[in-house]
file run_4.txt (compact mmCIF, C-alpha atoms)
# COMPACT_ATOMS: atom_id res chain seq x y z
CA MET Q 1 5.56 -12.59 -46.80
CA SER Q 2 6.80 -9.36 -45.18
CA PHE Q 3 9.03 -9.34 -42.13
CA ASP Q 4 6.17 -8.27 -39.85
CA ALA Q 5 3.88 -10.90 -41.26
CA GLU Q 6 6.58 -13.53 -40.80
CA ARG Q 7 7.14 -12.41 -37.24
CA ARG Q 8 3.43 -12.52 -36.44
CA GLN Q 9 3.20 -15.98 -37.92
CA ALA Q 10 6.19 -17.12 -35.88
CA LEU Q 11 4.58 -15.80 -32.73
CA ARG Q 12 1.30 -17.54 -33.56
CA GLU Q 13 3.20 -20.80 -33.89
CA LYS Q 14 4.92 -20.14 -30.58
CA PHE Q 15 1.56 -19.68 -28.89
CA VAL Q 16 0.47 -23.05 -30.25
CA VAL Q 17 3.65 -24.63 -28.91
CA PHE Q 18 3.17 -22.94 -25.54
CA ALA Q 19 -0.45 -24.04 -25.34
CA GLU Q 20 0.68 -27.63 -25.84
CA THR Q 21 3.88 -27.69 -23.80
CA ARG Q 22 3.59 -24.82 -21.26
CA ASP Q 23 7.33 -24.50 -21.76
CA GLU Q 24 8.77 -21.73 -19.53
CA LYS Q 25 11.30 -20.62 -22.12
CA VAL Q 26 8.64 -20.19 -24.79
CA ARG Q 27 6.48 -18.36 -22.27
CA ALA Q 28 9.30 -15.94 -21.49
CA GLU Q 29 9.85 -15.33 -25.22
CA LEU Q 30 6.17 -14.61 -25.78
CA ILE Q 31 6.08 -12.18 -22.86
CA GLU Q 32 9.26 -10.49 -24.03
CA ALA Q 33 7.89 -10.13 -27.56
CA HIS Q 34 4.84 -8.23 -26.31
CA LEU Q 35 6.38 -5.96 -23.66
CA GLY Q 36 6.09 -3.06 -26.07
CA LEU Q 37 2.32 -3.52 -26.14
CA ALA Q 38 2.17 -3.47 -22.32
CA GLU Q 39 4.22 -0.29 -22.19
CA TYR Q 40 2.14 1.33 -24.92
CA LEU Q 41 -1.07 0.60 -22.99
CA ALA Q 42 0.47 1.78 -19.70
CA ARG Q 43 1.34 5.09 -21.34
CA ARG Q 44 -2.29 5.58 -22.27
CA PHE Q 45 -3.04 5.66 -18.54
CA ALA Q 46 -0.20 8.04 -17.70
CA ASN Q 47 -0.78 11.55 -16.34
CA ARG Q 48 -3.45 10.35 -13.94
CA GLY Q 49 -1.33 10.73 -10.86
CA GLU Q 50 0.42 7.36 -10.97
CA PRO Q 51 4.12 6.90 -11.75
CA LEU Q 52 4.59 5.44 -15.23
CA ASP Q 53 6.93 2.76 -13.84
CA ASP Q 54 4.15 1.44 -11.61
CA LEU Q 55 1.74 1.42 -14.53
CA VAL Q 56 4.19 -0.47 -16.72
CA GLN Q 57 4.55 -3.05 -13.95
CA VAL Q 58 0.79 -3.42 -13.65
CA ALA Q 59 0.48 -3.70 -17.44
CA SER Q 60 3.25 -6.29 -17.48
CA MET Q 61 1.39 -8.38 -14.94
CA GLY Q 62 -1.67 -8.15 -17.18
CA LEU Q 63 0.45 -9.27 -20.10
CA VAL Q 64 1.71 -12.30 -18.17
CA LYS Q 65 -1.88 -13.27 -17.40
CA ALA Q 66 -2.83 -12.81 -21.03
CA VAL Q 67 0.01 -15.05 -22.24
CA ASP Q 68 -0.92 -17.73 -19.71
CA ARG Q 69 -4.62 -17.71 -20.58
CA PHE Q 70 -4.54 -17.15 -24.33
CA GLU Q 71 -6.07 -19.98 -26.35
CA PRO Q 72 -4.74 -19.74 -29.91
CA GLU Q 73 -7.21 -22.30 -31.23
CA ARG Q 74 -10.03 -19.77 -30.77
CA GLY Q 75 -8.65 -17.77 -33.68
CA LEU Q 76 -8.43 -14.42 -31.90
CA GLU Q 77 -5.34 -12.27 -32.41
CA PHE Q 78 -3.21 -12.24 -29.26
CA SER Q 79 -2.83 -8.45 -29.38
CA THR Q 80 -6.62 -8.06 -29.21
CA TYR Q 81 -6.91 -10.51 -26.34
CA ALA Q 82 -3.94 -9.03 -24.47
CA THR Q 83 -5.16 -5.46 -24.87
CA HIS Q 84 -8.41 -6.40 -23.19
CA THR Q 85 -6.63 -8.17 -20.32
CA VAL Q 86 -3.97 -5.49 -19.80
CA VAL Q 87 -6.44 -2.60 -19.90
CA GLY Q 88 -8.60 -4.53 -17.44
CA GLU Q 89 -5.63 -4.89 -15.13
CA LEU Q 90 -4.81 -1.19 -15.39
CA LYS Q 91 -8.41 -0.20 -14.72
CA ARG Q 92 -8.54 -2.49 -11.73
CA HIS Q 93 -5.34 -0.91 -10.45
CA PHE Q 94 -6.91 2.54 -10.65
CA ARG Q 95 -10.15 1.33 -9.13
CA ASP Q 96 -8.24 -0.25 -6.24
CA LYS Q 97 -6.28 2.93 -5.72
CA GLY Q 98 -9.57 4.77 -5.35
CA TRP Q 99 -9.17 8.38 -4.40
CA ALA Q 100 -5.42 8.31 -4.47
CA VAL Q 101 -5.15 8.47 -8.24
CA ARG Q 102 -7.16 11.65 -8.32
CA VAL Q 103 -4.76 13.56 -6.07
CA PRO Q 104 -4.31 16.96 -7.68
CA ARG Q 105 -0.89 17.76 -9.05
CA ARG Q 106 -0.62 20.70 -6.64
CA MET Q 107 -0.95 18.28 -3.74
CA GLN Q 108 1.60 15.86 -5.20
CA GLU Q 109 4.04 18.73 -5.52
CA LEU Q 110 3.38 19.82 -1.95
CA HIS Q 111 3.99 16.24 -0.81
CA LEU Q 112 7.40 16.28 -2.48
CA ARG Q 113 8.24 19.70 -1.06
CA LEU Q 114 7.25 18.64 2.45
CA SER Q 115 9.43 15.58 2.19
CA ASN Q 116 12.56 17.73 2.13
CA LEU Q 117 11.18 20.14 4.67
CA VAL Q 118 10.43 17.40 7.21
CA SER Q 119 14.02 16.17 6.95
CA THR Q 120 15.34 19.67 7.61
CA LEU Q 121 12.98 20.21 10.54
CA ASN Q 122 13.94 16.83 11.96
CA GLN Q 123 17.57 17.91 12.02
CA ASP Q 124 16.86 21.39 13.36
CA LEU Q 125 14.49 20.26 16.11
CA GLY Q 126 16.26 17.02 16.99
CA ARG Q 127 12.90 15.23 16.84
CA ALA Q 128 10.04 14.63 14.44
CA PRO Q 129 8.11 17.85 13.75
CA THR Q 130 4.43 18.35 14.43
CA VAL Q 131 1.96 19.16 11.68
CA ALA Q 132 1.74 22.75 12.92
CA GLU Q 133 5.50 23.15 12.66
CA ILE Q 134 5.55 21.72 9.15
CA ALA Q 135 2.67 23.97 8.10
CA GLN Q 136 4.39 27.05 9.47
CA ALA Q 137 7.69 26.25 7.80
CA ALA Q 138 5.98 25.48 4.48
CA GLY Q 139 3.67 28.48 4.60
CA VAL Q 140 0.56 26.37 4.12
CA SER Q 141 -2.39 25.38 6.33
CA GLU Q 142 -2.34 22.35 8.62
CA GLU Q 143 -5.15 20.86 6.53
CA GLU Q 144 -3.01 21.09 3.43
CA VAL Q 145 -0.14 19.38 5.24
CA LEU Q 146 -2.44 16.55 6.34
CA GLU Q 147 -3.82 16.19 2.85
CA ALA Q 148 -0.31 16.09 1.38
CA LEU Q 149 0.79 13.48 3.94
CA GLU Q 150 -2.16 11.30 3.03
CA ALA Q 151 -1.46 11.81 -0.67
CA GLY Q 152 1.70 9.74 -0.42
CA GLN Q 153 -0.09 6.69 0.94
CA ALA Q 154 -2.41 3.95 -0.15
CA TYR Q 155 -0.34 1.82 -2.45
CA ARG Q 156 -1.87 -1.42 -3.53
CA PHE Q 157 -0.20 -4.06 -5.59
CA ALA Q 158 -2.07 -6.90 -7.16
CA SER Q 159 0.51 -9.58 -6.59
CA LEU Q 160 4.04 -9.97 -5.38
CA ASP Q 161 4.36 -13.30 -7.11
CA ALA Q 162 3.75 -12.37 -10.71
CA PRO Q 163 6.88 -13.39 -12.57
CA LEU Q 164 8.62 -10.62 -14.44
CA PRO Q 165 8.57 -11.01 -18.17
CA GLY Q 166 11.50 -13.00 -19.41
CA GLU Q 167 12.92 -13.68 -15.97
CA ASP Q 168 11.98 -17.02 -14.52
CA ASN Q 169 12.96 -16.38 -10.94
CA THR Q 170 12.42 -12.68 -10.62
CA THR Q 171 9.16 -11.45 -9.17
CA LEU Q 172 7.73 -8.00 -9.32
CA GLY Q 173 8.20 -7.67 -5.58
CA GLY Q 174 11.84 -8.66 -5.81
CA SER Q 175 12.54 -6.20 -8.57
CA LEU Q 176 11.30 -3.22 -6.60
CA GLY Q 177 13.91 -3.37 -3.91
CA GLU Q 178 17.56 -2.70 -3.53
CA GLU Q 179 20.16 -4.86 -1.88
CA ASP Q 180 20.87 -3.84 1.65
CA ALA Q 181 24.18 -4.60 3.25
CA GLU Q 182 22.98 -4.60 6.83
CA ILE Q 183 22.14 -8.02 8.17
CA VAL Q 184 18.84 -8.20 9.94
CA ASP Q 185 16.93 -10.85 11.81
CA VAL Q 186 15.78 -12.73 8.76
CA GLU Q 187 14.78 -15.92 10.53
CA HIS Q 188 12.40 -14.19 12.89
CA ARG Q 189 10.51 -12.26 10.28
CA VAL Q 190 10.39 -15.15 7.85
CA ALA Q 191 9.01 -17.40 10.56
CA LEU Q 192 6.40 -14.78 11.39
CA SER Q 193 5.27 -14.27 7.86
CA PRO Q 194 6.68 -15.86 4.73
CA LEU Q 195 4.99 -13.02 2.88
CA ILE Q 196 7.48 -10.54 4.31
CA ALA Q 197 10.31 -12.51 2.78
CA LYS Q 198 8.82 -11.77 -0.62
CA LEU Q 199 9.11 -8.04 -0.18
CA PRO Q 200 12.08 -6.15 -1.59
CA GLU Q 201 15.07 -6.17 0.75
CA ARG Q 202 14.83 -2.51 1.64
CA GLN Q 203 11.17 -2.77 2.55
CA GLN Q 204 11.88 -5.86 4.67
CA HIS Q 205 14.60 -3.94 6.41
CA ILE Q 206 12.36 -0.97 7.14
CA LEU Q 207 9.58 -3.23 8.45
CA HIS Q 208 12.09 -4.92 10.68
CA LEU Q 209 13.47 -1.67 12.06
CA ARG Q 210 10.01 -0.26 12.71
CA PHE Q 211 8.08 -3.25 14.00
CA PHE Q 212 10.76 -5.54 15.43
CA GLU Q 213 13.33 -3.07 16.71
CA GLY Q 214 10.90 -0.29 17.51
CA LEU Q 215 12.71 2.55 15.76
CA THR Q 216 10.59 5.54 14.83
CA GLN Q 217 10.16 6.49 11.18
CA SER Q 218 12.45 9.47 11.68
CA GLU Q 219 15.13 7.27 13.23
CA ILE Q 220 14.87 4.84 10.33
CA ALA Q 221 15.09 7.73 7.88
CA SER Q 222 18.21 8.97 9.59
CA ARG Q 223 19.81 5.53 9.66
CA LEU Q 224 19.10 4.83 5.99
CA GLY Q 225 19.80 8.34 4.77
CA ILE Q 226 16.35 8.85 3.24
CA SER Q 227 13.48 11.15 4.17
CA GLN Q 228 10.91 10.36 6.86
CA MET Q 229 8.17 10.68 4.28
CA HIS Q 230 9.94 8.17 2.06
CA VAL Q 231 10.03 5.75 4.99
CA SER Q 232 6.33 6.44 5.56
CA ARG Q 233 5.53 5.70 1.92
CA LEU Q 234 7.58 2.50 1.89
CA LEU Q 235 5.93 1.28 5.10
CA ALA Q 236 2.46 2.01 3.73
CA ARG Q 237 3.37 0.29 0.49
CA SER Q 238 4.78 -2.75 2.31
CA LEU Q 239 1.71 -3.20 4.47
CA ALA Q 240 -0.57 -2.84 1.44
CA GLN Q 241 1.54 -5.38 -0.45
CA LEU Q 242 1.37 -7.80 2.48
CA ARG Q 243 -2.41 -7.49 2.55
CA ALA Q 244 -2.67 -7.95 -1.20
CA ALA Q 245 -0.37 -10.97 -1.09
CA ALA Q 246 -2.44 -12.52 1.69
CA GLU Q 247 -5.62 -12.24 -0.36
CA PRO Q 248 -6.77 -15.28 -2.29
CA ASP Q 249 -6.04 -14.97 -5.99
CA GLU Q 250 -9.12 -13.92 -7.88
CA GLY Q 251 -7.77 -15.60 -10.98
CA MET W 1 -10.33 18.12 31.30
CA PRO W 2 -13.43 16.62 29.76
CA SER W 3 -12.87 14.44 26.75
CA ASP W 4 -14.11 15.52 23.36
CA GLU W 5 -15.62 12.99 21.03
CA VAL W 6 -15.94 12.95 17.26
CA GLN W 7 -17.96 10.31 15.46
CA LEU W 8 -17.74 9.11 11.91
CA VAL W 9 -20.07 6.59 10.31
CA MET W 10 -18.71 5.12 7.09
CA PRO W 11 -19.48 2.23 4.75
CA ALA W 12 -17.53 -0.93 5.60
CA ASP W 13 -15.51 -0.56 2.43
CA PRO W 14 -11.71 0.02 2.18
CA GLU W 15 -12.45 2.89 -0.21
CA PHE W 16 -13.64 4.90 2.79
CA LEU W 17 -10.78 4.00 5.10
CA ARG W 18 -9.10 7.22 4.11
CA LEU W 19 -11.83 9.16 5.92
CA ALA W 20 -11.11 7.28 9.12
CA ARG W 21 -7.40 8.03 8.75
CA VAL W 22 -7.77 11.69 7.86
CA THR W 23 -10.14 12.29 10.77
CA ALA W 24 -7.62 10.69 13.13
CA MET W 25 -4.79 12.70 11.61
CA GLY W 26 -6.68 15.96 11.99
CA LEU W 27 -7.46 15.27 15.63
CA ALA W 28 -3.93 14.07 16.34
CA SER W 29 -2.64 17.28 14.82
CA ARG W 30 -4.78 19.24 17.28
CA LEU W 31 -3.08 17.28 20.05
CA SER W 32 0.35 18.23 18.64
CA PHE W 33 1.29 14.69 17.71
CA THR W 34 4.54 14.50 15.76
CA ILE W 35 4.54 13.32 12.18
CA ASP W 36 5.94 9.95 13.33
CA GLU W 37 3.07 9.50 15.78
CA ILE W 38 0.53 10.50 13.16
CA ASP W 39 1.91 7.87 10.80
CA ASP W 40 1.70 5.28 13.59
CA LEU W 41 -1.90 6.23 14.15
CA ARG W 42 -2.68 5.86 10.48
CA ILE W 43 -1.10 2.40 10.35
CA ALA W 44 -2.97 1.33 13.50
CA ILE W 45 -6.33 2.43 12.12
CA ASP W 46 -5.71 0.58 8.87
CA GLU W 47 -4.84 -2.65 10.69
CA LEU W 48 -7.82 -2.47 13.04
CA VAL W 49 -10.42 -1.51 10.46
CA PHE W 50 -9.16 -4.20 8.07
CA GLY W 51 -9.46 -6.58 11.03
CA LEU W 52 -13.17 -5.75 11.15
CA ILE W 53 -14.08 -5.48 7.49
CA GLY W 54 -11.43 -7.57 5.72
CA THR W 55 -9.47 -6.34 2.74
CA LYS W 56 -12.47 -6.40 0.41
CA GLY W 57 -15.01 -4.82 2.73
CA ARG W 58 -18.44 -6.17 3.60
CA PRO W 59 -22.02 -4.96 3.60
CA GLY W 60 -22.75 -2.57 6.43
CA ARG W 61 -21.12 0.31 8.24
CA VAL W 62 -18.37 1.06 10.70
CA VAL W 63 -18.92 3.63 13.41
CA MET W 64 -15.68 5.34 14.42
CA ARG W 65 -15.46 7.23 17.70
CA TYR W 66 -12.47 9.46 18.38
CA ARG W 67 -11.89 10.76 21.87
CA LEU W 68 -9.38 13.46 22.60
CA GLN W 69 -7.80 12.55 25.90
CA PRO W 70 -5.25 14.55 27.84
CA GLN W 71 -2.64 11.90 27.16
CA GLY W 72 -3.50 11.18 23.55
CA LEU W 73 -6.15 9.96 21.17
CA GLU W 74 -8.48 7.05 21.82
CA VAL W 75 -10.20 5.49 18.84
CA GLU W 76 -13.01 2.97 18.89
CA GLY W 77 -14.61 1.26 15.93
CA SER W 78 -17.83 -0.77 15.91
CA GLY W 79 -19.03 -2.84 13.00
CA LEU W 80 -22.71 -2.74 12.04
CA PHE W 81 -22.70 -5.42 9.40
CA ASP W 82 -25.53 -6.93 7.41
CA ASP W 83 -23.94 -10.34 6.98
CA ASN W 84 -23.45 -11.37 10.65
CA GLU W 85 -20.16 -13.03 9.79
CA VAL W 86 -17.24 -13.19 12.17
CA PRO W 87 -14.67 -10.51 11.24
CA PRO W 88 -11.26 -11.69 10.07
CA GLY W 89 -9.63 -10.31 13.21
CA LEU W 90 -5.92 -9.68 13.63
CA THR W 91 -3.15 -11.85 12.27
CA GLU W 92 0.01 -12.42 14.27
CA LEU W 93 1.71 -9.87 12.06
CA SER W 94 -1.07 -7.33 12.65
CA GLU W 95 -0.72 -7.83 16.39
CA LEU W 96 2.99 -7.23 16.15
CA ILE W 97 2.48 -4.09 14.06
CA LEU W 98 -0.11 -2.77 16.49
CA ASP W 99 2.16 -3.46 19.45
CA ALA W 100 4.71 -1.21 17.76
CA VAL W 101 2.44 1.64 16.68
CA ALA W 102 -0.27 1.84 19.38
CA ASP W 103 0.00 2.09 23.14
CA GLU W 104 -3.10 0.01 23.71
CA HIS W 105 -5.21 -1.99 21.33
CA GLU W 106 -7.90 -4.62 21.36
CA LEU W 107 -10.11 -6.11 18.67
CA VAL W 108 -13.12 -8.25 19.47
CA PRO W 109 -13.96 -10.33 16.38
CA ASP W 110 -17.48 -11.00 17.51
CA ALA W 111 -20.22 -11.86 15.01
CA THR W 112 -22.89 -9.74 16.68
CA ALA W 113 -20.88 -6.84 18.16
CA PRO W 114 -17.50 -6.67 16.43
CA ARG W 115 -15.41 -3.79 17.70
CA PHE W 116 -11.95 -2.45 18.42
CA ARG W 117 -10.35 0.10 20.64
CA MET W 118 -6.95 1.69 20.57
CA LEU W 119 -5.05 4.41 22.36
CA LYS W 120 -2.18 6.38 20.93
CA ARG W 121 -0.34 8.49 23.47
CA ARG W 122 1.48 11.65 22.60
CA SER W 123 5.11 11.07 23.49
CA GLU W 124 5.95 14.54 24.69
CA PRO W 125 4.37 17.86 23.88
CA ALA W 126 6.33 19.91 21.38
CA ALA W 127 8.09 22.86 22.94
call {"tool": "encode", "arguments": {"input": "run_4.txt", "output": "structure tokens"}}
result
Amino acid sequence: MSFDAERRQALREKFVVFAETRDEKVRAELIEAHLGLAEYLARRFANRGEPLDDLVQVASMGLVKAVDRFEPERGLEFSTYATHTVVGELKRHFRDKGWAVRVPRRMQELHLRLSNLVSTLNQDLGRAPTVAEIAQAAGVSEEEVLEALEAGQAYRFASLDAPLPGEDNTTLGGSLGEEDAEIVDVEHRVALSPLIAKLPERQQHILHLRFFEGLTQSEIASRLGISQMHVSRLLARSLAQLRAAAEPDEG
Amino acid sequence: MPSDEVQLVMPADPEFLRLARVTAMGLASRLSFTIDEIDDLRIAIDELVFGLIGTKGRPGRVVMRYRLQPQGLEVEGSGLFDDNEVPPGLTELSELILDAVADEHELVPDATAPRFRMLKRRSEPAA
């Protein structure tokens, strides 16, 4: 028996063990062993306006579902079953994103360019700029500015609770954030919504500054040393994640 | 100064929420809202429309009315739904978000005439 054949056989046996025991360690090993498949499938959906990292995360969630639902006794190869599940998850991600995934590259580039420009204007003017001011500085129409602003929005994530492959206590939501040194009013926001506590630290912090302390997006950007448009994106993403997390699981 | 009104009728589906946002953004831009205020407006419209149609949408339409006021932009939304169900309304978190991003807001989660209204004031005209 070749090495590959041996490996496949070992994985088949592991699926049988997992089906019987639901052992977390075996589950993590099975997920880990198939991460390459998830990444391969995610790459097939690249160049459609979505960051590859996001697609890999979506594909990984699909993989986790596939591992959990696979029934080895049916005789189907796991790779066949998983491909179907992962591609379904990726398609659903694109469907949920709707128009956003079809944002032309030109508009994505303008969005990035405006991000720097808004920061400069903020400093020069001592306040947040208007759309007309941004358009004038960028040499584009106000409509193009509005379209580019909208292009950075509308993130939807299927679940904050999907465990990351191979990491028992790490969720997708948790992995997206960065540690933040500043202590914020954790108790208040956790009491208000346990869902917020599942967001990455940085997103929690930005939500807190905007909705609990009443800072503007430009003020938050200045405090955190990031662009206003980055704050805008993270806020939009956080609110979309909170909505998604509040939805009942479709299974 | 007489108020100007723009109306938009859209399916009660989150896919079309972008149209409600972009319309508001365009009008807010005419009123010289800053980029911060425009983002607030966008967040407020999302929260209120989701409060009417839920995150998955429902059969029917939403009629959006935008009124350009001297002090800012007033937005009203009315649900014309086929299912006669009570809208999900606003969660405590949504209320808190709306308190932060809108100057006035109200959502009536009524089964027969569900609606919302909000006002976003322009903080100070750009020089």
call {"tool": "residues_around", "arguments": {"input": "run_4.txt", "residues": "segment 3-9 of chain W", "least_positions_apart": "3", "cutoff": "8 Å", "atoms": "all atoms listed in the file", "output": "list in words"}}
result
Ala20, Arg61, Val62, Val63, Met64, Arg65, Tyr66, Arg67, Leu68, Gln69 and Pro70 of chain W
call {"tool": "residues_around", "arguments": {"input": "run_4.txt", "residues": "segment 55-60 of chain W", "least_positions_apart": "2", "cutoff": "7 Å", "atoms": "all atoms listed in the file", "output": "list of chain:residue names"}}
result
W:Pro11, W:Ala12, W:Asp13, W:Pro14, W:Phe50, W:Ile53, W:Leu80, W:Phe81, W:Asp82, W:Asp83
call {"tool": "atom_distance", "arguments": {"input": "run_4.txt", "atom1": "atom CA of Met107 of chain Q", "atom2": "atom CA of Val145 of chain Q"}}
result
9.1 Å
call {"tool": "atom_distance", "arguments": {"input": "run_4.txt", "atom1": "atom CA of Arg223 of chain Q", "atom2": "atom CA of Asn116 of chain Q"}}
result
16.1 Å
call {"tool": "closest_residue", "arguments": {"input": "run_4.txt", "among": "Q:Val231, Q:Lys65, Q:Ala245, Q:Thr216", "to": "Val101 of chain W", "atoms": "only C-alpha atoms"}}
result
Q:Thr216
call {"tool": "build_atoms", "arguments": {"input": "run_4.txt", "residues": "segment 25-39 of chain W", "atoms": "N, CA and C atoms", "output": "tab-separated table (two decimals), in the coordinates of the input"}}
result
chain	number	residue	atom	x	y	z
W	25	MET	N	-5.96	11.84	11.80
W	25	MET	CA	-4.79	12.70	11.61
W	25	MET	C	-5.11	14.14	12.02
W	26	GLY	N	-6.30	14.59	11.65
W	26	GLY	CA	-6.68	15.96	11.99
W	26	GLY	C	-6.75	16.15	13.50
W	27	LEU	N	-7.33	15.17	14.18
W	27	LEU	CA	-7.46	15.27	15.63
W	27	LEU	C	-6.08	15.14	16.30
W	28	ALA	N	-5.27	14.24	15.78
W	28	ALA	CA	-3.93	14.07	16.34
W	28	ALA	C	-3.11	15.34	16.16
W	29	SER	N	-3.35	16.02	15.06
W	29	SER	CA	-2.64	17.28	14.82
W	29	SER	C	-3.04	18.31	15.86
W	30	ARG	N	-4.32	18.32	16.22
W	30	ARG	CA	-4.78	19.24	17.28
W	30	ARG	C	-4.09	18.95	18.60
W	31	LEU	N	-3.75	17.68	18.79
W	31	LEU	CA	-3.08	17.28	20.05
W	31	LEU	C	-1.57	17.41	19.95
W	32	SER	N	-1.09	18.02	18.86
W	32	SER	CA	0.35	18.23	18.64
W	32	SER	C	1.14	16.92	18.57
W	33	PHE	N	0.53	15.90	17.98
W	33	PHE	CA	1.29	14.69	17.71
W	33	PHE	C	2.39	15.03	16.70
W	34	THR	N	3.50	14.33	16.78
W	34	THR	CA	4.54	14.50	15.76
W	34	THR	C	4.13	13.72	14.51
W	35	ILE	N	4.84	14.00	13.45
W	35	ILE	CA	4.54	13.32	12.18
W	35	ILE	C	4.75	11.81	12.29
W	36	ASP	N	5.72	11.39	13.10
W	36	ASP	CA	5.94	9.95	13.33
W	36	ASP	C	4.72	9.33	14.02
W	37	GLU	N	4.23	10.03	15.04
W	37	GLU	CA	3.07	9.50	15.78
W	37	GLU	C	1.82	9.47	14.92
W	38	ILE	N	1.69	10.47	14.06
W	38	ILE	CA	0.53	10.50	13.16
W	38	ILE	C	0.59	9.33	12.18
W	39	ASP	N	1.77	9.02	11.70
W	39	ASP	CA	1.91	7.87	10.80
W	39	ASP	C	1.59	6.57	11.53
